[in-house]
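What follows is the content of final.txt (compact mmCIF, C-alpha atoms).
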# COMPACT_ATOMS: atom_id res chain seq x y z
CA MET A 166 49.23 88.96 35.45
CA PHE A 167 46.03 87.03 34.84
CA ARG A 168 47.63 83.57 34.82
CA LYS A 169 49.80 84.30 37.84
CA SER A 170 46.84 85.57 39.84
CA VAL A 171 44.70 82.55 39.05
CA GLN A 172 47.40 80.08 40.08
CA SER A 173 48.04 81.96 43.30
CA LEU A 174 44.36 82.09 44.10
CA THR A 175 43.90 78.37 43.47
CA ALA A 176 46.69 77.57 45.93
CA LEU A 177 44.95 79.70 48.55
CA THR A 178 41.52 78.15 48.30
CA LYS A 179 42.84 74.59 48.21
CA ALA A 180 44.88 75.26 51.31
CA CYS A 181 41.77 76.55 53.02
CA GLY A 182 39.73 73.58 51.89
CA SER A 183 41.79 71.15 53.93
CA ALA A 184 40.88 67.57 54.81
CA GLN A 185 39.27 68.54 58.10
CA TYR A 186 35.98 66.67 58.19
CA ARG A 187 32.93 68.15 59.84
CA SER A 188 29.18 68.10 59.49
CA LEU A 189 27.56 70.71 57.27
CA TYR A 190 24.28 70.73 59.20
CA SER A 191 24.15 71.01 62.98
CA ALA A 192 22.69 68.27 65.16
CA SER A 193 19.78 70.55 65.96
CA ALA A 194 19.00 71.27 62.30
CA LEU A 195 18.95 67.55 61.48
CA GLY A 196 16.84 66.62 64.50
CA ILE A 197 19.65 64.64 66.11
CA GLU A 198 19.16 66.43 69.41
CA GLY A 199 15.48 65.50 69.35
CA TYR A 200 16.37 61.87 68.69
CA GLU A 201 18.87 61.84 71.55
CA ALA A 202 16.33 63.34 73.96
CA TYR A 203 13.71 60.74 72.99
CA ARG A 204 16.37 58.06 73.29
CA GLU A 205 16.96 59.03 76.91
CA LYS A 206 13.22 59.04 77.52
CA THR A 207 12.88 55.55 76.06
CA ARG A 208 15.74 54.22 78.18
CA THR A 209 14.16 55.71 81.28
CA GLN A 210 10.87 54.01 80.48
CA HIS A 211 12.56 50.62 80.09
CA LEU A 212 14.92 51.27 82.99
CA HIS A 213 16.42 47.89 83.94
CA ASN A 214 14.65 46.01 81.16
CA VAL A 215 16.74 47.12 78.18
CA ASP A 216 18.86 43.97 77.91
CA ASN A 217 15.83 41.70 78.35
CA PHE A 218 13.95 43.58 75.64
CA LYS A 219 16.86 43.25 73.21
CA ARG A 220 17.14 39.54 74.01
CA LYS A 221 13.44 39.06 73.36
CA MET A 222 13.67 40.89 70.02
CA ARG A 223 16.63 38.76 68.95
CA ASP A 224 14.57 35.67 69.64
CA PHE A 225 11.68 37.13 67.65
CA VAL A 226 13.66 37.96 64.52
CA SER A 227 15.59 34.68 64.54
CA GLY A 228 12.58 32.49 65.34
CA SER A 229 9.41 31.61 63.49
CA ALA A 230 8.32 33.77 60.57
CA THR A 231 4.97 34.15 62.31
CA ASN A 232 6.53 36.21 65.09
CA MET A 233 5.16 39.73 64.72
CA ILE A 234 7.29 42.86 64.95
CA PHE A 235 5.05 45.75 65.89
CA THR A 236 5.67 49.43 65.15
CA GLU A 237 6.34 50.09 68.82
CA ASP A 238 8.94 47.28 68.87
CA LEU A 239 10.93 48.85 66.03
CA LYS A 240 10.62 52.32 67.54
CA ASN A 241 12.06 51.03 70.81
CA ILE A 242 14.93 49.21 69.11
CA ILE A 243 15.87 52.37 67.19
CA HIS A 244 16.10 54.33 70.44
CA LEU A 245 17.74 51.62 72.55
CA ILE A 246 20.56 50.33 70.33
CA ASP A 247 24.13 50.80 71.48
CA ASN A 248 27.26 51.13 69.37
CA THR A 249 27.95 47.38 69.26
CA PRO A 250 27.99 44.92 66.33
CA GLU A 251 25.23 42.87 68.02
CA ASP A 252 22.87 45.81 68.38
CA LYS A 253 23.50 47.02 64.84
CA GLN A 254 22.72 43.56 63.49
CA LEU A 255 19.56 43.49 65.60
CA LEU A 256 18.46 46.77 64.02
CA LYS A 257 19.04 45.35 60.51
CA ASP A 258 17.16 42.15 61.30
CA THR A 259 14.25 43.98 62.93
CA ILE A 260 13.82 46.32 59.96
CA LEU A 261 13.98 43.38 57.54
CA ARG A 262 11.36 41.41 59.45
CA TYR A 263 9.15 44.48 59.85
CA ASN A 264 9.19 45.09 56.09
CA GLN A 265 8.51 41.44 55.30
CA GLN A 266 5.29 41.47 57.30
CA GLY A 267 3.48 43.50 54.68
CA LYS A 268 2.08 47.01 54.73
CA GLU A 269 -1.48 45.78 55.25
CA LEU A 270 -0.61 45.18 58.91
CA ARG A 271 0.47 48.78 59.50
CA PHE A 272 -2.26 51.08 60.71
CA GLY A 273 -0.15 53.92 62.10
CA ASN A 274 1.53 56.72 60.19
CA TYR A 275 4.91 56.61 61.89
CA VAL A 276 7.70 57.39 59.39
CA PHE A 277 10.79 55.40 60.30
CA GLY A 278 13.31 56.56 57.68
CA PRO A 279 14.51 59.83 59.24
CA VAL A 280 14.57 58.38 62.77
CA ILE A 281 16.74 55.44 61.69
CA MET A 282 19.11 57.80 59.91
CA ARG A 283 19.34 59.90 63.06
CA ALA A 284 20.16 56.80 65.07
CA CYS A 285 23.01 56.01 62.66
CA HIS A 286 24.19 59.63 62.81
CA HIS A 287 24.16 59.43 66.61
CA LEU A 288 26.29 56.28 66.43
CA GLY A 289 28.59 57.91 63.85
CA ASP A 290 28.18 54.92 61.53
CA ALA A 291 27.73 55.94 57.89
CA ASP A 292 28.32 52.36 56.72
CA LEU A 293 25.38 51.11 58.79
CA ALA A 294 23.20 53.88 57.35
CA LEU A 295 24.23 52.97 53.79
CA ASP A 296 23.62 49.25 54.38
CA LEU A 297 20.16 49.95 55.74
CA PHE A 298 19.41 52.41 52.95
CA LYS A 299 20.44 49.96 50.24
CA GLY A 300 18.66 47.06 51.92
CA ALA A 301 15.30 48.69 52.59
CA GLY A 302 15.46 51.72 50.30
CA GLY A 303 13.96 49.85 47.37
CA ASP A 304 10.72 49.36 49.34
CA GLY A 305 10.28 53.11 49.84
CA PHE A 306 11.29 52.79 53.50
CA PHE A 307 13.67 55.75 53.17
CA ASP A 308 11.77 57.73 50.56
CA GLN A 309 11.82 60.98 52.52
CA LEU A 310 14.05 63.92 51.68
CA THR A 311 15.05 64.16 55.33
CA SER A 312 16.39 60.59 55.26
CA TYR A 313 18.50 61.44 52.21
CA GLN A 314 19.68 64.66 53.83
CA ILE A 315 20.82 63.03 57.07
CA LEU A 316 22.56 60.21 55.18
CA GLY A 317 24.24 62.74 52.89
CA ASP A 318 25.43 64.77 55.87
CA MET A 319 26.98 61.64 57.39
CA LEU A 320 28.82 60.88 54.15
CA TYR A 321 29.97 64.51 53.91
CA GLU A 322 31.21 64.47 57.49
CA LYS A 323 33.25 61.34 56.76
CA GLY A 324 34.79 62.89 53.64
CA ARG A 325 32.97 60.50 51.29
CA TYR A 326 32.14 63.20 48.78
CA ARG A 327 31.70 61.02 45.71
CA GLU A 328 28.99 59.06 47.50
CA VAL A 329 27.18 62.32 48.28
CA ARG A 330 26.98 62.94 44.54
CA GLU A 331 25.74 59.41 43.91
CA LEU A 332 23.06 59.90 46.55
CA PHE A 333 21.89 63.10 44.88
CA ASP A 334 21.65 61.29 41.54
CA SER A 335 19.36 58.81 43.25
CA ILE A 336 17.14 61.64 44.49
CA LYS A 337 16.87 63.13 41.01
CA SER A 338 16.05 59.83 39.34
CA ARG A 339 13.40 58.89 41.89
CA GLN A 340 11.93 62.38 42.43
CA ILE A 341 11.53 61.82 46.15
CA GLN A 342 8.45 63.58 47.54
CA GLY A 343 7.71 65.00 44.11
CA GLY A 344 10.88 67.03 43.64
CA ARG A 345 14.08 66.61 41.62
CA PHE A 346 15.93 69.54 43.18
CA PRO A 347 15.44 69.71 46.97
CA LYS A 348 17.34 72.77 48.15
CA HIS A 349 19.11 71.29 51.17
CA CYS A 350 20.31 68.26 49.20
CA ILE A 351 21.55 70.61 46.47
CA THR A 352 23.50 72.63 49.04
CA LEU A 353 25.06 69.48 50.45
CA THR A 354 25.99 68.28 46.95
CA PHE A 355 27.73 71.53 46.02
CA ALA A 356 29.52 71.45 49.39
CA ALA A 357 30.77 67.92 48.67
CA CYS A 358 31.97 68.94 45.20
CA TYR A 359 33.78 71.94 46.69
CA LYS A 360 35.52 69.82 49.32
CA GLU A 361 36.43 67.12 46.79
CA SER A 362 37.66 69.75 44.32
CA THR A 363 38.64 67.35 41.53
CA PRO A 364 38.10 67.97 37.81
CA GLU A 365 35.32 65.37 37.93
CA ALA A 366 33.61 67.05 40.87
CA PHE A 367 33.96 70.44 39.19
CA GLN A 368 32.37 69.20 35.98
CA TYR A 369 29.54 67.55 37.93
CA ALA A 370 28.85 70.78 39.84
CA MET A 371 28.87 72.93 36.72
CA ASP A 372 26.53 70.53 34.91
CA LEU A 373 24.21 70.62 37.93
CA TRP A 374 24.34 74.42 37.99
CA LYS A 375 23.38 74.58 34.32
CA GLU A 376 20.55 72.12 34.92
CA LEU A 377 19.21 74.20 37.80
CA ASN A 378 19.50 77.37 35.75
CA ALA A 379 17.61 75.78 32.86
CA VAL A 380 14.58 74.97 35.02
CA GLY A 381 14.66 78.31 36.86
CA HIS A 382 15.66 76.87 40.23
CA VAL A 383 17.41 79.36 42.52
CA PRO A 384 19.79 77.55 44.91
CA MET A 385 20.37 78.65 48.47
CA ARG A 386 23.03 81.34 48.87
CA LYS A 387 25.37 78.89 50.58
CA ALA A 388 25.09 76.49 47.61
CA THR A 389 25.88 79.37 45.25
CA ALA A 390 28.96 80.26 47.31
CA PHE A 391 30.19 76.65 47.20
CA ALA A 392 29.77 76.55 43.42
CA ALA A 393 31.68 79.82 42.98
CA ALA A 394 34.48 78.73 45.34
CA LEU A 395 34.79 75.47 43.41
CA ALA A 396 35.15 77.42 40.16
CA LEU A 397 37.93 79.46 41.77
CA ASN A 398 39.63 76.27 42.95
CA ASN A 399 39.68 75.09 39.37
CA GLY A 400 41.12 78.29 37.94
CA ARG A 401 37.86 79.60 36.44
CA PRO A 402 37.27 82.99 38.07
CA GLU A 403 35.11 84.11 35.15
CA ILE A 404 32.64 81.33 35.97
CA ALA A 405 32.74 82.32 39.64
CA VAL A 406 31.79 85.91 38.76
CA GLU A 407 28.84 84.71 36.66
CA ILE A 408 27.61 82.40 39.41
CA LEU A 409 27.90 85.07 42.09
CA GLY A 410 26.02 87.47 39.84
CA THR A 411 22.86 85.42 40.43
CA VAL A 412 22.75 86.46 44.11
CA ALA A 413 20.33 89.34 44.55
CA LYS A 414 22.28 90.91 47.43
CA GLY A 415 26.01 90.85 46.93
CA ASN A 416 27.00 92.15 50.37
CA TYR A 417 26.89 88.76 52.11
CA VAL A 418 30.21 87.90 53.71
CA THR A 419 31.04 84.90 51.51
CA VAL A 420 29.65 86.38 48.29
CA ARG A 421 31.53 89.67 48.41
CA GLN A 422 34.81 88.00 49.36
CA LEU A 423 34.59 85.33 46.68
CA LYS A 424 33.74 88.02 44.13
CA THR A 425 36.71 90.08 45.30
CA LEU A 426 39.03 87.09 44.79
CA ALA A 427 37.59 86.36 41.36
CA LEU A 428 37.92 89.97 40.20
CA CYS A 429 41.53 90.11 41.44
CA ALA A 430 42.30 86.93 39.53
CA LEU A 431 40.83 88.53 36.40
CA GLY A 432 42.79 91.74 36.89
CA ARG A 433 39.56 93.74 37.33
CA LEU A 434 40.75 95.75 40.31
CA GLU A 435 38.60 98.75 39.40
CA ASP A 436 35.53 96.57 40.07
CA VAL A 437 36.77 95.77 43.58
CA VAL A 438 36.61 99.45 44.56
CA PRO A 439 32.78 99.66 44.84
CA ILE A 440 32.72 96.43 46.86
CA PHE A 441 35.21 97.86 49.36
CA ARG A 442 33.33 101.15 49.40
CA SER A 443 30.09 99.43 50.37
CA VAL A 444 31.88 97.72 53.27
CA LEU A 445 33.45 100.96 54.49
CA GLU A 446 30.29 103.04 54.28
CA VAL A 447 29.10 104.24 57.67
CA LYS A 448 25.95 102.36 58.52
CA GLY A 449 23.41 102.83 61.27
CA PRO A 450 24.55 102.63 64.90
CA PHE A 451 22.99 99.18 65.36
CA GLU A 452 24.15 97.61 62.09
CA LYS A 453 26.80 94.93 62.28
CA GLN A 454 30.23 95.93 60.97
CA GLN A 455 31.19 94.12 57.77
CA THR A 456 34.56 92.43 57.65
CA TYR A 457 37.06 90.78 55.31
CA CYS A 458 39.27 87.76 55.89
CA ARG A 459 42.95 88.64 56.13
CA GLU A 460 43.87 86.07 53.48
CA VAL A 461 41.50 87.78 51.02
CA ILE A 462 42.97 91.18 51.81
CA GLN A 463 46.44 89.77 51.20
CA LYS A 464 45.32 88.62 47.76
CA VAL A 465 44.07 92.11 46.95
CA GLN A 466 47.38 93.57 48.12
CA GLU A 467 49.21 91.07 45.95
CA ALA A 468 47.10 91.99 42.92
CA VAL A 469 47.70 95.70 43.51
CA LYS A 470 51.44 95.07 43.75
CA GLN A 471 51.41 93.11 40.48
CA ALA A 472 49.50 95.90 38.77
CA LYS A 473 52.00 98.53 39.92
CA GLU A 474 54.92 96.35 38.81
CA ALA A 475 53.26 96.14 35.40
CA ASN A 476 53.21 99.96 35.35
CA VAL A 477 49.43 100.09 35.48
CA SER A 478 48.51 103.57 36.60
CA SER A 479 44.98 104.41 37.65
CA SER A 480 43.09 106.18 40.39
CA SER A 481 41.51 102.81 41.26
CA LEU A 482 44.84 101.51 42.56
CA GLN A 483 45.27 104.54 44.78
CA ASP A 484 41.68 104.17 46.02
CA LEU A 485 42.27 100.50 46.81
CA GLU A 486 45.43 101.22 48.77
CA ARG A 487 43.62 103.83 50.87
CA MET A 488 40.67 101.50 51.44
CA LEU A 489 42.97 98.68 52.51
CA GLU A 490 44.44 101.00 55.13
CA TYR A 491 40.98 102.04 56.31
CA LEU A 492 39.87 98.41 56.66
CA GLU A 493 42.89 97.67 58.85
CA THR A 494 42.46 100.83 60.93
CA ASN A 495 38.76 100.23 61.43
CA GLY A 496 39.32 96.68 62.64
CA GLN A 497 37.41 95.22 59.71
CA ILE A 498 40.00 92.55 58.88
CA VAL A 499 39.61 89.24 60.71
CA ASN A 500 41.85 86.19 60.91
CA ASP A 501 39.09 83.69 60.14
CA THR A 502 39.68 81.79 56.91
CA LEU A 503 37.16 82.10 54.10
CA ASP A 504 36.89 78.33 54.04
CA SER A 505 35.88 78.19 57.71
CA ILE A 506 33.13 80.75 57.07
CA LEU A 507 31.96 79.00 53.93
CA CYS A 508 31.86 75.58 55.61
CA SER A 509 30.36 76.77 58.88
CA GLU A 510 27.50 74.62 60.16
CA ILE A 511 23.95 75.41 59.13
CA VAL A 512 22.24 75.64 62.50
CA SER A 513 18.66 76.17 61.36
CA THR A 514 16.73 75.18 58.25
CA ALA A 515 13.42 76.81 59.13
CA GLN A 516 12.13 79.64 56.98
CA ARG A 517 9.19 81.90 57.59
CA LYS A 518 7.30 81.08 54.41
CA ASP A 519 8.12 77.39 54.21
CA ASN A 520 7.01 75.24 57.10
CA ASN A 521 8.40 72.12 55.44
CA SER A 522 11.90 73.49 55.10
CA ASN A 523 12.92 72.51 58.62
CA LEU A 524 14.71 69.17 58.48
CA ALA A 525 14.13 68.62 62.17
CA ASP A 526 10.35 68.78 62.19
CA SER A 527 8.96 68.28 58.69
CA TYR A 528 7.53 64.84 59.44
CA ASN A 529 4.84 64.85 62.07
CA SER A 530 2.97 61.97 63.68
CA ARG A 531 -0.34 61.90 65.45
CA GLY A 532 1.26 60.79 68.69
CA GLY A 533 1.15 62.83 71.86
CA ARG A 534 3.05 66.09 71.68
CA VAL A 535 5.63 67.29 74.13
CA GLN A 536 5.79 71.00 73.39
CA GLN A 537 8.22 73.62 74.51
CA GLN A 538 7.61 77.31 74.14
CA GLN A 539 10.36 79.21 72.35
CA ARG A 540 11.64 82.56 73.45
CA ASN A 541 9.44 85.36 72.13
CA PHE A 542 10.39 88.99 72.59
CA ARG A 543 6.74 90.03 72.45
CA PRO A 544 4.92 87.05 73.98
CA THR A 545 1.18 86.84 73.64
CA LYS A 546 -1.18 83.98 74.31
CA LYS A 547 -2.57 84.24 70.82
CA TYR A 548 0.70 83.84 68.94
CA GLN A 549 2.74 81.40 70.98
CA GLN A 550 5.73 79.91 69.18
CA LEU A 551 5.76 76.19 69.84
CA ARG A 552 8.64 73.83 69.27
CA PRO A 553 7.67 70.46 67.75
CA GLY A 554 7.66 67.73 70.35
CA LEU A 555 9.98 64.78 70.50
CA SER A 556 7.23 62.41 69.45
CA GLU A 557 6.98 64.36 66.19
CA MET A 558 10.57 63.59 65.24
CA ASN A 559 9.57 60.87 62.81
Here is the file; what I need is its structure written in the form of structure tokens.
Amino acid sequence: MFRKSVQSLTALTKACGSAQYRSLYSASALGIEGYEAYREKTRTQHLHNVDNFKRKMRDFVSGSATNMIFTEDLKNIIHLIDNTPEDKQLLKDTILRYNQQGKELRFGNYVFGPVIMRACHHLGDADLALDLFKGAGGDGFFDQLTSYQILGDMLYEKGRYREVRELFDSIKSRQIQGGRFPKHCITLTFAACYKESTPEAFQYAMDLWKELNAVGHVPMRKATAFAAALALNNGRPEIAVEILGTVAKGNYVTVRQLKTLALCALGRLEDVVPIFRSVLEVKGPFEKQQTYCREVIQKVQEAVKQAKEANVSSSSLQDLERMLEYLETNGQIVNDTLDSILCSEIVSTAQRKDNNSNLADSYNSRGGRVQQQQRNFRPTKKYQQLRPGLSEMN
């Protein structure tokens, strides 16, 4: 029963992990929306002068080496480029000339890396981002975790999962911004390994998990779910159970369903009973009803059927059958796939205790701020919640 369950489970998760490419982080979380808003503002400021400005900059970068490219010039180019080969080449040439001028001529603190990566993300051009990264990355131009994160998200969205792993190796070796294990990059790496789902990707993910465990790093819950799902894909439900055991609260939608699948694959149906019971328990009137994916429920039903055919007799099987009926009756079975839930976009990266965890606003400049008050259910003048301005999206 064990071998049959594992093979059946692997077929399910691979079918769910189809080749549908999508971003892991939302445009808002990556600051793309902020870039696009500032892009419109820049175009409005230049109005009918955009083409003339681009022509002037082409003359500058192709002319004498004494021609100066100022910070404001590069900022404008980043926000004015269109999706054409000529404009992309202009961006490359402008960055190259800007870097060649020497850091002693730079008196501002504008950080270009994340903004350039957002521009490439906006254009949907991962190759341009990689070319720029490889060309100017050695000078520390892109030595910001946010730059790596946006580039990694582009590669993930294009299905270039191996390159996501290579990018993470670069982060570890260079210890960008003083850290070897940035949590968002780790999440993206486990997501790429899960989507790739090859023996090589599985081994890489398990080695990374062991490395994180050795240094006491606790990955984000989504990263943990990706690692466990990858173990299931590769027929190792026992590893999945161990990985999921590191989550403090096991009632999260992905965690409990992955654990249910792993336990079914191991023939540990008696351990599924308390998980179902916790879902069926009557909660408070305002608490959200917990649900299960239909495909997961079908796997439990399949495991119960196999156990009965093997003449396994226990009260746990009877309890499971009753609970399966209750879940259906209560409307707690949904048609969403587990893969779609697992790979759903991360829409916010801000956390209460970590102001630098927000990819969209962790790099501030001293420029003028355009602030927008967020919705506050108990607004007071003393504790206004302010959204970082577009000029801070550096």
Could you list as a PyMOL selection string every residue that has an atom within 10 Å of (30.8, 53.0, 65.9), using the file's coordinates and counting all atoms listed in the file? chain A and resi 247-250+253+285-293
Select from segment 277-377 of chain A every residue with an atom at most 10 Å from any atom of segment 197-216 of chain A, then for each give the shortest pair of atoms and their distance in Å to one decimal, using all atoms listed in the file, rows by chain and rising number, as a tab-separated table.
residue	atom	partner	partner_atom	distance
A:Pro279	CA	A:Ile197	CA	9.8
A:Val280	CA	A:Tyr200	CA	7.1
A:Ile281	CA	A:Tyr200	CA	9.5
A:Met282	CA	A:Ile197	CA	9.2
A:Arg283	CA	A:Ile197	CA	5.6
A:Ala284	CA	A:Tyr200	CA	7.3
A:Cys285	CA	A:Ile197	CA	9.9
A:His286	CA	A:Ile197	CA	7.5
A:His287	CA	A:Ile197	CA	6.9
A:Ile315	CA	A:Ile197	CA	9.3
Calculate how many Å separate atom CA of Ile511 of chain A from atom CA of Tyr190 of chain A, rounding to one decimal.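 Between atom CA of Ile511 of chain A and atom CA of Tyr190 of chain A the gap works out to 4.7 Å.
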With distances taken over only C-alpha atoms, which of A:Phe333, A:Phe218, A:Trp374, A:Tyr326 is nearest to Ala357 of chain A?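 Looking at the shortest contact to Ala357 of chain A, the residue is A:Tyr326.
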What is the distance, in Å and to one decimal place, between atom CA of Phe367 of chain A and atom CA of Leu395 of chain A?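 Spanning atom CA of Phe367 of chain A to atom CA of Leu395 of chain A is a straight-line distance of 6.6 Å.
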Within 9 Å of segment 406-414 of chain A using all atoms listed in the file, minus same-chain residues under 6 positions, as a PyMOL selection string: chain A and resi 374+383+386+389-390+392-393+420-421+423-424+427-428
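Going from atom CA of Leu485 of chain A over to atom CA of Ala394 of chain A, you cover 23.2 Å.
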Which residue of A:Leu426, A:Ile498, A:Ile440, A:Leu297 approaches Lys464 of chain A most closely, using all atoms listed in the file: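 Nearest to Lys464 of chain A: A:Leu426.
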Could you check the closest approach to Ser443 of chain A for each of A:Cys429, A:Asn416, A:Ser505, A:Ala301 and tell me which residue wins, using all atoms listed in the file? A:Asn416
I need the residue nearest Ser335 of chain A from this list: A:Tyr321, A:Tyr457, A:Tyr313, A:Phe355. Use only C-alpha atoms for the distance. A:Tyr313
Extract, using only C-alpha atoms, all DNA, RNA and protein residues at most 8 Å from Pro384 of chain A, discarding same-chain residues fewer than 6 positions from it, and format them as a CSV table (one decimal) with C-alpha atoms, keeping the file's coordinate frame.
chain,number,residue,atom,x,y,z
A,348,LYS,CA,17.3,72.8,48.2
A,351,ILE,CA,21.6,70.6,46.5
A,352,THR,CA,23.5,72.6,49.0
A,377,LEU,CA,19.2,74.2,37.8
Find, counting only C-alpha atoms, the residue in A:Ile246, A:Leu195, A:Ser362, A:Asn500 that gets nearest to Gly317 of chain A.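 Nearest candidate to Gly317 of chain A out of A:Ile246, A:Leu195, A:Ser362, A:Asn500: A:Leu195.
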Which of these residues is nearest to Phe441 of chain A, using all atoms listed in the file: A:Gly305, A:Gly415, A:Gly196, A:Pro364?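 With all atoms listed in the file as the atom set, the closest residue is A:Gly415.
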Excluding same-chain residues fewer than 6 positions from Met233 of chain A, what lies within 10 Å of it counting all atoms listed in the file, as a list in words?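 Near Met233 of chain A, the qualifying residues are Phe225, Val226, Arg262, Tyr263, Gln266 and Leu270 of chain A.
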